[in-house]
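Chemist: So here's model_4.pdb, just PDB, C-alpha atoms:
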ATOM      1  CA  MET A   1     -53.665   3.727 -33.319
ATOM      2  CA  LEU A   2     -50.071   2.546 -33.517
ATOM      3  CA  LYS A   3     -49.614   0.360 -36.560
ATOM      4  CA  ARG A   4     -47.712  -2.847 -35.934
ATOM      5  CA  LYS A   5     -45.361  -3.798 -38.758
ATOM      6  CA  GLY A   6     -44.668  -7.269 -37.422
ATOM      7  CA  ASN A   7     -40.918  -6.880 -36.926
ATOM      8  CA  GLU A   8     -41.019  -5.110 -33.553
ATOM      9  CA  HIS A   9     -39.926  -8.113 -31.482
ATOM     10  CA  GLY A  10     -37.055  -8.843 -33.846
ATOM     11  CA  LEU A  11     -35.831  -5.265 -33.770
ATOM     12  CA  ALA A  12     -36.191  -5.131 -29.992
ATOM     13  CA  TRP A  13     -34.050  -8.246 -29.536
ATOM     14  CA  LEU A  14     -31.503  -6.916 -32.036
ATOM     15  CA  PHE A  15     -31.075  -3.553 -30.314
ATOM     16  CA  LEU A  16     -31.155  -5.015 -26.793
ATOM     17  CA  GLY A  17     -28.803  -7.839 -27.736
ATOM     18  CA  VAL A  18     -26.184  -5.472 -29.136
ATOM     19  CA  PHE A  19     -26.658  -3.255 -26.089
ATOM     20  CA  VAL A  20     -25.958  -6.163 -23.722
ATOM     21  CA  ILE A  21     -22.796  -7.067 -25.657
ATOM     22  CA  LEU A  22     -21.643  -3.439 -25.513
ATOM     23  CA  ALA A  23     -22.414  -3.263 -21.784
ATOM     24  CA  LEU A  24     -20.339  -6.383 -21.143
ATOM     25  CA  LEU A  25     -17.421  -4.973 -23.121
ATOM     26  CA  VAL A  26     -17.650  -1.725 -21.156
ATOM     27  CA  LYS A  27     -17.824  -3.638 -17.878
ATOM     28  CA  ILE A  28     -14.595  -5.538 -18.604
ATOM     29  CA  ASP A  29     -12.970  -2.402 -20.035
ATOM     30  CA  ALA A  30     -12.208  -4.066 -23.367
ATOM     31  CA  SER A  31      -9.451  -2.538 -25.495
ATOM     32  CA  SER A  32     -11.840  -2.163 -28.444
ATOM     33  CA  ILE A  33     -14.102   0.037 -26.323
ATOM     34  CA  GLN A  34     -11.143   2.112 -25.140
ATOM     35  CA  SER A  35     -10.174   2.675 -28.776
ATOM     36  CA  ILE A  36     -13.670   3.821 -29.734
ATOM     37  CA  ASP A  37     -13.841   6.178 -26.764
ATOM     38  CA  ASP A  38     -10.392   7.654 -27.421
ATOM     39  CA  GLN A  39     -11.256   8.276 -31.072
ATOM     40  CA  GLY A  40     -14.445  10.045 -30.030
ATOM     41  CA  PHE A  41     -12.553  12.449 -27.777
ATOM     42  CA  GLN A  42      -9.872  13.048 -30.418
ATOM     43  CA  LEU A  43     -12.481  13.747 -33.091
ATOM     44  CA  LEU A  44     -14.064  16.493 -31.002
ATOM     45  CA  ALA A  45     -10.791  17.905 -29.656
ATOM     46  CA  ASN A  46     -10.591  20.481 -32.458
ATOM     47  CA  LEU A  47     -13.912  21.993 -31.351
ATOM     48  CA  ASN A  48     -12.523  23.117 -28.008
ATOM     49  CA  GLY A  49     -13.370  26.749 -27.368
ATOM     50  CA  ALA A  50     -15.605  29.040 -25.352
ATOM     51  CA  VAL A  51     -18.293  29.251 -28.036
ATOM     52  CA  ALA A  52     -18.505  25.490 -28.514
ATOM     53  CA  THR A  53     -18.568  24.911 -24.764
ATOM     54  CA  THR A  54     -21.385  27.413 -24.301
ATOM     55  CA  LEU A  55     -23.348  25.900 -27.205
ATOM     56  CA  PHE A  56     -23.040  22.299 -26.061
ATOM     57  CA  THR A  57     -23.718  23.237 -22.450
ATOM     58  CA  GLY A  58     -26.977  24.823 -23.572
ATOM     59  CA  ILE A  59     -27.882  21.733 -25.607
ATOM     60  CA  ALA A  60     -27.132  19.468 -22.645
ATOM     61  CA  THR A  61     -29.344  21.619 -20.427
ATOM     62  CA  LEU A  62     -32.255  21.436 -22.869
ATOM     63  CA  ALA A  63     -31.791  17.672 -23.127
ATOM     64  CA  SER A  64     -31.522  17.110 -19.381
ATOM     65  CA  PRO A  65     -33.696  14.388 -17.811
ATOM     66  CA  VAL A  66     -35.835  17.055 -16.131
ATOM     67  CA  MET A  67     -36.614  18.728 -19.459
ATOM     68  CA  THR A  68     -37.291  15.506 -21.370
ATOM     69  CA  VAL A  69     -39.604  14.252 -18.618
ATOM     70  CA  LEU A  70     -41.452  17.577 -18.659
ATOM     71  CA  VAL A  71     -41.965  17.441 -22.433
ATOM     72  CA  MET A  72     -43.148  13.836 -22.250
ATOM     73  CA  VAL A  73     -45.614  14.630 -19.455
ATOM     74  CA  VAL A  74     -47.042  17.526 -21.486
ATOM     75  CA  PHE A  75     -47.290  15.377 -24.637
ATOM     76  CA  SER A  76     -48.955  12.501 -22.784
ATOM     77  CA  THR A  77     -51.366  14.879 -21.060
ATOM     78  CA  VAL A  78     -52.402  16.410 -24.389
ATOM     79  CA  LEU A  79     -53.061  12.943 -25.812
ATOM     80  CA  TYR A  80     -55.078  12.019 -22.738
ATOM     81  CA  LEU A  81     -57.183  15.191 -22.870
ATOM     82  CA  LYS A  82     -57.738  14.694 -26.619
ATOM     83  CA  HIS A  83     -59.351  11.332 -25.808
ATOM     84  CA  TYR A  84     -56.311   9.260 -26.791
ATOM     85  CA  ARG A  85     -56.061   8.167 -23.176
ATOM     86  CA  LEU A  86     -54.496   4.770 -23.702
ATOM     87  CA  LEU A  87     -51.939   6.173 -26.140
ATOM     88  CA  GLY A  88     -51.012   8.925 -23.700
ATOM     89  CA  LEU A  89     -50.557   6.444 -20.858
ATOM     90  CA  PHE A  90     -48.515   4.168 -23.122
ATOM     91  CA  ALA A  91     -46.182   7.004 -24.157
ATOM     92  CA  LEU A  92     -45.544   8.054 -20.565
ATOM     93  CA  ALA A  93     -45.115   4.487 -19.285
ATOM     94  CA  THR A  94     -42.665   3.644 -22.073
ATOM     95  CA  PHE A  95     -40.586   6.725 -21.339
ATOM     96  CA  ILE A  96     -40.491   6.194 -17.590
ATOM     97  CA  GLY A  97     -39.790   2.487 -18.032
ATOM     98  CA  GLY A  98     -36.860   3.198 -20.345
ATOM     99  CA  ASP A  99     -35.403   5.703 -17.896
ATOM    100  CA  ALA A 100     -35.765   3.214 -15.046
ATOM    101  CA  ILE A 101     -33.960   0.480 -16.994
ATOM    102  CA  ALA A 102     -31.155   2.912 -17.877
ATOM    103  CA  LEU A 103     -30.769   3.873 -14.222
ATOM    104  CA  GLY A 104     -30.527   0.227 -13.247
ATOM    105  CA  MET A 105     -27.889  -0.388 -15.919
ATOM    106  CA  LYS A 106     -25.840   2.538 -14.609
ATOM    107  CA  TYR A 107     -25.482   0.838 -11.230
ATOM    108  CA  LEU A 108     -25.009  -2.607 -12.762
ATOM    109  CA  VAL A 109     -22.131  -1.518 -15.015
ATOM    110  CA  ALA A 110     -20.866   1.089 -12.514
ATOM    111  CA  ARG A 111     -18.612   2.897 -14.968
ATOM    112  CA  LEU A 112     -16.904   6.051 -13.734
ATOM    113  CA  ARG A 113     -17.236   9.215 -15.784
ATOM    114  CA  PRO A 114     -14.368  10.614 -17.886
ATOM    115  CA  SER A 115     -11.838  12.877 -16.241
ATOM    116  CA  ASN A 116     -11.416  16.587 -16.995
ATOM    117  CA  GLN A 117     -15.131  17.288 -17.431
ATOM    118  CA  LEU A 118     -15.878  20.697 -18.908
ATOM    119  CA  VAL A 119     -19.191  20.747 -17.046
ATOM    120  CA  ALA A 120     -19.202  18.709 -13.864
ATOM    121  CA  ASP A 121     -21.726  15.873 -13.652
ATOM    122  CA  THR A 122     -22.273  13.160 -11.080
ATOM    123  CA  GLY A 123     -23.272   9.514 -11.057
ATOM    124  CA  TYR A 124     -22.132   6.644 -13.238
ATOM    125  CA  SER A 125     -21.439   7.024 -16.934
ATOM    126  CA  PHE A 126     -22.951   4.075 -18.853
ATOM    127  CA  PRO A 127     -25.447   4.615 -20.406
ATOM    128  CA  SER A 128     -26.069   8.343 -20.841
ATOM    129  CA  GLY A 129     -29.368   9.446 -19.322
ATOM    130  CA  HIS A 130     -29.430  12.595 -21.459
ATOM    131  CA  VAL A 131     -29.083  10.649 -24.699
ATOM    132  CA  LEU A 132     -31.444   7.826 -23.752
ATOM    133  CA  GLY A 133     -34.145  10.273 -22.700
ATOM    134  CA  THR A 134     -33.684  12.299 -25.869
ATOM    135  CA  VAL A 135     -33.794   9.274 -28.188
ATOM    136  CA  LEU A 136     -36.873   7.867 -26.453
ATOM    137  CA  LEU A 137     -38.583  11.251 -26.468
ATOM    138  CA  VAL A 138     -37.902  11.908 -30.153
ATOM    139  CA  THR A 139     -38.880   8.367 -31.125
ATOM    140  CA  ILE A 140     -42.174   8.513 -29.233
ATOM    141  CA  LEU A 141     -43.037  12.013 -30.441
ATOM    142  CA  LEU A 142     -42.414  11.074 -34.065
ATOM    143  CA  ALA A 143     -44.016   7.626 -33.945
ATOM    144  CA  ILE A 144     -47.226   8.989 -32.431
ATOM    145  CA  GLY A 145     -47.255  12.630 -33.489
ATOM    146  CA  LEU A 146     -46.645  12.084 -37.203
ATOM    147  CA  GLN A 147     -49.927  10.174 -37.416
ATOM    148  CA  PHE A 148     -51.733  13.473 -36.890
ATOM    149  CA  ILE A 149     -49.793  15.320 -39.626
ATOM    150  CA  SER A 150     -50.835  14.931 -43.253
ATOM    151  CA  SER A 151     -48.238  17.211 -44.891
ATOM    152  CA  GLN A 152     -45.416  15.020 -46.228
ATOM    153  CA  PRO A 153     -42.807  17.852 -46.335
ATOM    154  CA  LEU A 154     -43.591  18.695 -42.714
ATOM    155  CA  ARG A 155     -43.323  15.040 -41.696
ATOM    156  CA  VAL A 156     -39.926  14.724 -43.379
ATOM    157  CA  GLY A 157     -38.767  17.991 -41.828
ATOM    158  CA  LEU A 158     -39.725  16.847 -38.345
ATOM    159  CA  VAL A 159     -37.920  13.527 -38.795
ATOM    160  CA  VAL A 160     -34.759  15.309 -39.976
ATOM    161  CA  ALA A 161     -34.991  17.787 -37.090
ATOM    162  CA  GLY A 162     -35.404  14.951 -34.616
ATOM    163  CA  ILE A 163     -32.371  13.086 -35.943
ATOM    164  CA  LEU A 164     -30.237  16.243 -35.901
ATOM    165  CA  TRP A 165     -31.270  16.988 -32.321
ATOM    166  CA  VAL A 166     -30.302  13.490 -31.192
ATOM    167  CA  ILE A 167     -26.901  13.845 -32.884
ATOM    168  CA  LEU A 168     -26.296  17.231 -31.233
ATOM    169  CA  VAL A 169     -27.135  15.824 -27.808
ATOM    170  CA  MET A 170     -24.825  12.848 -28.374
ATOM    171  CA  VAL A 171     -21.980  15.126 -29.444
ATOM    172  CA  SER A 172     -22.571  17.484 -26.508
ATOM    173  CA  ARG A 173     -22.205  14.713 -23.927
ATOM    174  CA  VAL A 174     -18.897  13.534 -25.373
ATOM    175  CA  TYR A 175     -17.577  17.036 -26.054
ATOM    176  CA  LEU A 176     -18.264  18.102 -22.469
ATOM    177  CA  ARG A 177     -16.467  14.921 -21.361
ATOM    178  CA  ASP A 178     -19.435  13.868 -19.262
ATOM    179  CA  HIS A 179     -19.658  10.615 -21.234
ATOM    180  CA  TYR A 180     -17.648   8.324 -23.469
ATOM    181  CA  THR A 181     -18.636   7.579 -27.060
ATOM    182  CA  SER A 182     -19.670   4.060 -26.036
ATOM    183  CA  ASP A 183     -22.002   5.575 -23.410
ATOM    184  CA  VAL A 184     -24.014   7.517 -25.961
ATOM    185  CA  LEU A 185     -24.053   4.643 -28.460
ATOM    186  CA  GLY A 186     -25.307   2.326 -25.738
ATOM    187  CA  SER A 187     -28.064   4.778 -24.873
ATOM    188  CA  CYS A 188     -29.327   4.781 -28.461
ATOM    189  CA  LEU A 189     -29.388   0.975 -28.559
ATOM    190  CA  LEU A 190     -31.199   0.686 -25.232
ATOM    191  CA  ALA A 191     -33.729   3.389 -26.091
ATOM    192  CA  GLU A 192     -34.671   1.820 -29.423
ATOM    193  CA  GLY A 193     -34.801  -1.639 -27.884
ATOM    194  CA  CYS A 194     -37.178  -0.419 -25.177
ATOM    195  CA  TRP A 195     -39.329   1.364 -27.734
ATOM    196  CA  TYR A 196     -39.783  -1.577 -30.074
ATOM    197  CA  GLN A 197     -40.463  -3.974 -27.206
ATOM    198  CA  ALA A 198     -43.017  -1.611 -25.675
ATOM    199  CA  LYS A 199     -44.657  -1.059 -29.060
ATOM    200  CA  ALA A 200     -44.936  -4.809 -29.651
ATOM    201  CA  TRP A 201     -46.614  -5.313 -26.283
ATOM    202  CA  PHE A 202     -48.932  -2.345 -26.771
ATOM    203  CA  CYS A 203     -50.089  -3.425 -30.221
ATOM    204  CA  ARG A 204     -50.727  -6.929 -28.921
ATOM    205  CA  TRP A 205     -52.791  -5.888 -25.904
ATOM    206  CA  GLU A 206     -54.260  -2.566 -27.106
ATOM    207  CA  SER A 207     -57.788  -3.819 -27.751
ATOM    208  CA  GLN A 208     -58.043  -5.541 -24.360
ATOM    209  CA  LEU A 209     -56.579  -2.573 -22.506
ATOM    210  CA  LEU A 210     -58.871  -0.152 -24.312
ATOM    211  CA  ALA A 211     -61.906  -2.254 -23.445
ATOM    212  CA  ARG A 212     -60.940  -2.296 -19.757
ATOM    213  CA  LEU A 213     -60.272   1.441 -19.731
ATOM    214  CA  ASN A 214     -63.682   2.180 -21.287
ATOM    215  CA  GLN A 215     -65.339  -0.186 -18.825
ATOM    216  CA  ARG A 216     -63.797   1.613 -15.868
ATOM    217  CA  GLN A 217     -64.791   5.008 -17.243
ATOM    218  CA  ARG A 218     -68.397   3.886 -17.630
ATOM    219  CA  ALA A 219     -68.372   2.475 -14.097
ATOM    220  CA  ASN A 220     -67.129   5.784 -12.674
ATOM    221  CA  ARG A 221     -69.884   7.829 -14.287
TER     222      ARG A 221
END
Could you rewrite the structure in this file as structure tokens?
Modeler:
Amino acid sequence: MLKRKGNEHGLAWLFLGVFVILALLVKIDASSIQSIDDQGFQLLANLNGAVATTLFTGIATLASPVMTVLVMVVFSTVLYLKHYRLLGLFALATFIGGDAIALGMKYLVARLRPSNQLVADTGYSFPSGHVLGTVLLVTILLAIGLQFISSQPLRVGLVVAGILWVILVMVSRVYLRDHYTSDVLGSCLLAEGCWYQAKAWFCRWESQLLARLNQRQRANR
């Protein structure tokens, strides 16, 4: 029931192409990337304080990979139980696939995290797993979930809430000095690229996949 607009492949290549360029610049530690990252830290420097640290730590916890995976599993399970089996499987596969690609990119770029972290974190820095998971989660929830909501004000409200949540998560990762600005920007690009590519493939093969799924269900009865 996802509606293909016809520009998914183009958008996927655009987002992924810019992501690759950014990843290369990060890998070679380009001066332009250093400037962007320094400006990000300076912009948030005035927020330093116990209240801000507590707030952004809480946001980072809610947006942790464990939490985003849990929400996606619940959402996909509900779709599956509501007889949108293929859509539920697609949502979960897209999310897990995006996370797997991000993990691979972390080791490929192998960028160390910023120093002086306010909340200690481990692993490589680029891209941010928190932000990628959040962007993918919000994108999938809105793209699929809004189809079941008829109220236009509610649809707009959910979109605005989703965008604000993504921004808060992005800010939290930089504020806590667990990531650079380029890390969170790269996560957004990779997440959207994965989404549009997955959507293009799903819309292309949906009818065939649905037919096979129904055939297997009938065979198991």
Chemist: Quick one: residues within 9 Å of range 5-21 of chain A, all atoms listed in the file counted, chain neighbours fewer than 6 positions away excluded, as an MDAnalysis selection string?
Modeler: chainID A and resid 185:201
Chemist: To verify the selection step, state as JSON, numbers by chain which residues the PyMOL selection byres ((chain A and resi 120) around 12) yields on this input.
Modeler: {"A": [57, 60, 113, 114, 115, 116, 117, 118, 119, 121, 122, 123, 173, 176, 177, 178, 179]}
Chemist: Every residue with an atom at most 8 Å from (-34.4, 10.7, -23.8) (file coordinates; only C-alpha atoms) is what I'm after, so could you write them as a PyMOL selection string?
Modeler: chain A and resi 63+65+68+95+99+129-138+191
Chemist: Any chance you can output those residues with C-alpha atoms as a CSV table (one decimal), in the coordinates of the input?
Modeler:
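Output below, filename part.csv:
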chain,number,residue,atom,x,y,z
A,63,ALA,CA,-31.8,17.7,-23.1
A,65,PRO,CA,-33.7,14.4,-17.8
A,68,THR,CA,-37.3,15.5,-21.4
A,95,PHE,CA,-40.6,6.7,-21.3
A,99,ASP,CA,-35.4,5.7,-17.9
A,129,GLY,CA,-29.4,9.4,-19.3
A,130,HIS,CA,-29.4,12.6,-21.5
A,131,VAL,CA,-29.1,10.6,-24.7
A,132,LEU,CA,-31.4,7.8,-23.8
A,133,GLY,CA,-34.1,10.3,-22.7
A,134,THR,CA,-33.7,12.3,-25.9
A,135,VAL,CA,-33.8,9.3,-28.2
A,136,LEU,CA,-36.9,7.9,-26.5
A,137,LEU,CA,-38.6,11.3,-26.5
A,138,VAL,CA,-37.9,11.9,-30.2
A,191,ALA,CA,-33.7,3.4,-26.1
Chemist: Which of these, A:Ile59, A:Ala93, A:Ile33, A:Val66, has the shortest distance to Trp165 in chain A once you count all atoms listed in the file?
Modeler: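 With all atoms listed in the file as the atom set, the closest residue is A:Ile59.
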Chemist: Check what the PyMOL selection byres ((chain A and resi 108) around 12) selects in the file above and give those residues as a PyMOL selection string.
Modeler: chain A and resi 20+23-24+26-27+101-107+109-112+124-127
Chemist: For Leu44 in chain A, please output as a list in words all residues within 12 Å (counting only C-alpha atoms; exclusion window: fewer than 4 positions along the same chain).
Modeler: Asp37, Asp38, Gln39, Gly40, Asn48, Gly49, Ala52, Thr53, Phe56, Met170, Val171, Ser172, Arg173, Val174, Tyr175, Leu176, Arg177, Tyr180 and Thr181 of chain A
Chemist: The selected residues should be written to file as a PDB file, in the coordinates of the input (atoms: C-alpha atoms).
Modeler:
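The result, written out as again.pdb:
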ATOM      1  CA  ASP A  37     -13.841   6.178 -26.764  1.00  0.00           C
ATOM      2  CA  ASP A  38     -10.392   7.654 -27.421  1.00  0.00           C
ATOM      3  CA  GLN A  39     -11.256   8.276 -31.072  1.00  0.00           C
ATOM      4  CA  GLY A  40     -14.445  10.045 -30.030  1.00  0.00           C
ATOM      5  CA  ASN A  48     -12.523  23.117 -28.008  1.00  0.00           C
ATOM      6  CA  GLY A  49     -13.370  26.749 -27.368  1.00  0.00           C
ATOM      7  CA  ALA A  52     -18.505  25.490 -28.514  1.00  0.00           C
ATOM      8  CA  THR A  53     -18.568  24.911 -24.764  1.00  0.00           C
ATOM      9  CA  PHE A  56     -23.040  22.299 -26.061  1.00  0.00           C
ATOM     10  CA  MET A 170     -24.825  12.848 -28.374  1.00  0.00           C
ATOM     11  CA  VAL A 171     -21.980  15.126 -29.444  1.00  0.00           C
ATOM     12  CA  SER A 172     -22.571  17.484 -26.508  1.00  0.00           C
ATOM     13  CA  ARG A 173     -22.205  14.713 -23.927  1.00  0.00           C
ATOM     14  CA  VAL A 174     -18.897  13.534 -25.373  1.00  0.00           C
ATOM     15  CA  TYR A 175     -17.577  17.036 -26.054  1.00  0.00           C
ATOM     16  CA  LEU A 176     -18.264  18.102 -22.469  1.00  0.00           C
ATOM     17  CA  ARG A 177     -16.467  14.921 -21.361  1.00  0.00           C
ATOM     18  CA  TYR A 180     -17.648   8.324 -23.469  1.00  0.00           C
ATOM     19  CA  THR A 181     -18.636   7.579 -27.060  1.00  0.00           C
TER      20      THR A 181
END
Chemist: Box in all listed atoms of range 64-77 of chain A, axis-aligned, with 6 Å more on each side; write out centre and edge lengths in Å to one decimal as lines of an AutoDock Vina configuration file.
Modeler:
center_x = -41.4
center_y = 15.6
center_z = -20.4
size_x = 31.8
size_y = 18.2
size_z = 20.5
